[in-house]
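Enquirer: Structure below; questions to follow.
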Amino acid sequence: MALVRLNPWQEFNAIQRQINRLFDEDIPTAFLDRGLSRVPAAELKETEDAIHLKLELPGIEAKDLDLQVTEKAVYLSGERKSEAKSEEKGAIKSEFHYGKFQRVIPLPARIQNTNVTADYKDGILNLTLPKAEEEKNKVVKVNLASSG
């Protein structure tokens with residue numbers, strides 16, 4: 001009879017490999033998205049003078065959007081309305097997401113919310129959010145006196 005040495009970490013390694021394999025497989029997006037509301041994708045770029053925010057809103061008309069800007073955040077809500085259904089018989093499979101959504105995007109610096117400019121074209125909303133004066137001058141050079 002052969003003596004087999006027990007290695008408790010071997011079981012953990014096997015479980016870790018199984019979990020990794022599970023996440024490597026393609027999980028259907030319909031399974032993951034069920035019950036979750038879709039929010040627009042955002043891209044934020046900060047420059048010395050302003051914050052540039054780009055939001056992806058395909059298929060949504062400007063009249064269906066509510067945009068509010070404070071000194072610290074951007075609030076966006078809206079609704080993607082479904083198209084009128086046809087009377088044709090047959091199965092319909094859709095991966096489009098319809099309904100209401102909302103998103104609050106905190107800003108990395110205070111802005112002048114009275115001077116915000118917006119451009120909405122081809123489902124992309126571009127916001128230019130100028131920084132407040134105190135944010136522009138936030139970096140201060142400190143002179144060091146040497147003692148010696």
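Note on naming: chains are A, B, ... as they come in the structure tokens, residues start from 1 per chain, ligands start from 1 in the order shown.
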With a distance cut-off of 7 Å and only C-alpha atoms, select the neighbouring residues of region 51-66 of chain A, excluding the residue or stretch itself and same-chain residues fewer than 6 positions from it, and output the selection as a compact mmCIF listing (two decimals) with N, CA, C and O atoms, in the first residue's frame.
Expert:
```
# COMPACT_ATOMS: atom_id res chain seq x y z
N PRO A 40 -25.84 55.61 -19.10
CA PRO A 40 -24.97 55.98 -20.21
C PRO A 40 -23.50 55.88 -19.83
O PRO A 40 -23.12 56.22 -18.70
N ALA A 41 -22.70 55.45 -20.77
CA ALA A 41 -21.26 55.40 -20.57
C ALA A 41 -20.73 56.83 -20.56
O ALA A 41 -21.22 57.69 -21.29
N ALA A 42 -19.72 57.09 -19.74
CA ALA A 42 -19.18 58.43 -19.60
C ALA A 42 -17.67 58.41 -19.76
O ALA A 42 -17.01 57.42 -19.47
N GLU A 43 -17.15 59.54 -20.23
CA GLU A 43 -15.71 59.74 -20.36
C GLU A 43 -15.41 61.13 -19.81
O GLU A 43 -16.01 62.11 -20.25
N LEU A 44 -14.51 61.22 -18.85
CA LEU A 44 -14.22 62.48 -18.19
C LEU A 44 -12.76 62.84 -18.41
O LEU A 44 -11.88 62.00 -18.21
N LYS A 45 -12.52 64.07 -18.84
CA LYS A 45 -11.15 64.54 -19.07
C LYS A 45 -10.99 65.88 -18.37
O LYS A 45 -11.79 66.78 -18.56
N LEU A 76 -27.94 63.50 -14.73
CA LEU A 76 -28.56 63.24 -16.02
C LEU A 76 -29.63 62.18 -15.85
O LEU A 76 -29.40 61.14 -15.23
N SER A 77 -30.81 62.45 -16.39
CA SER A 77 -31.85 61.44 -16.41
C SER A 77 -32.56 61.54 -17.74
O SER A 77 -32.51 62.56 -18.42
N GLY A 78 -33.20 60.47 -18.10
CA GLY A 78 -33.90 60.45 -19.38
C GLY A 78 -34.64 59.15 -19.58
O GLY A 78 -34.76 58.33 -18.67
N GLU A 79 -35.11 59.01 -20.81
CA GLU A 79 -35.87 57.81 -21.13
C GLU A 79 -35.63 57.44 -22.59
O GLU A 79 -35.70 58.29 -23.47
N ARG A 80 -35.32 56.18 -22.80
CA ARG A 80 -35.23 55.65 -24.16
C ARG A 80 -36.55 54.97 -24.43
O ARG A 80 -36.91 53.99 -23.80
N GLY A 123 -26.00 61.22 -30.86
CA GLY A 123 -26.08 60.39 -29.66
C GLY A 123 -24.95 60.60 -28.68
O GLY A 123 -24.82 59.85 -27.72
N ILE A 124 -24.11 61.60 -28.89
CA ILE A 124 -23.02 61.91 -27.98
C ILE A 124 -23.25 63.30 -27.39
O ILE A 124 -23.40 64.27 -28.12
N LEU A 125 -23.27 63.37 -26.06
CA LEU A 125 -23.43 64.64 -25.36
C LEU A 125 -22.06 65.07 -24.84
O LEU A 125 -21.42 64.34 -24.10
N ASN A 126 -21.60 66.23 -25.30
CA ASN A 126 -20.33 66.79 -24.86
C ASN A 126 -20.60 67.99 -23.97
O ASN A 126 -21.27 68.94 -24.39
N LEU A 127 -20.08 67.95 -22.76
CA LEU A 127 -20.22 69.06 -21.82
C LEU A 127 -18.84 69.65 -21.54
O LEU A 127 -17.88 68.91 -21.30
N THR A 128 -18.76 70.98 -21.57
CA THR A 128 -17.55 71.67 -21.14
C THR A 128 -17.91 72.39 -19.86
O THR A 128 -18.79 73.25 -19.85
N LEU A 129 -17.25 72.01 -18.79
CA LEU A 129 -17.54 72.51 -17.45
C LEU A 129 -16.35 73.34 -16.97
O LEU A 129 -15.35 72.77 -16.50
N PRO A 130 -16.40 74.67 -17.11
CA PRO A 130 -15.25 75.49 -16.71
C PRO A 130 -15.04 75.44 -15.19
O PRO A 130 -16.00 75.49 -14.43
N LYS A 131 -13.78 75.34 -14.80
CA LYS A 131 -13.46 75.26 -13.38
C LYS A 131 -13.68 76.61 -12.70
O LYS A 131 -13.52 77.66 -13.32
```
Enquirer: With only C-alpha atoms as the basis for distance, which of A:Val142, A:Thr114, A:Pro108, A:Glu11 is at the shortest distance from Thr47 (chain A)?
Expert: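 For Thr47 (chain A), the nearest of the given residues is A:Pro108.
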Enquirer: So that I can check the surroundings of Ala73 (chain A), please list as JSON, numbers by chain every protein, DNA and RNA residue that reaches within 7 Å of it, counting only C-alpha atoms and ignoring chain neighbours fewer than 6 positions away.
Expert: {"A": [104, 105, 106, 107]}
Enquirer: Between A:Ala132, A:Leu67, A:Ala50, A:Ala2, which has the minimum distance to Tyr120 (chain A) (counting only C-alpha atoms)?
Expert: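 Smallest separation from Tyr120 (chain A) among the options: A:Leu67.
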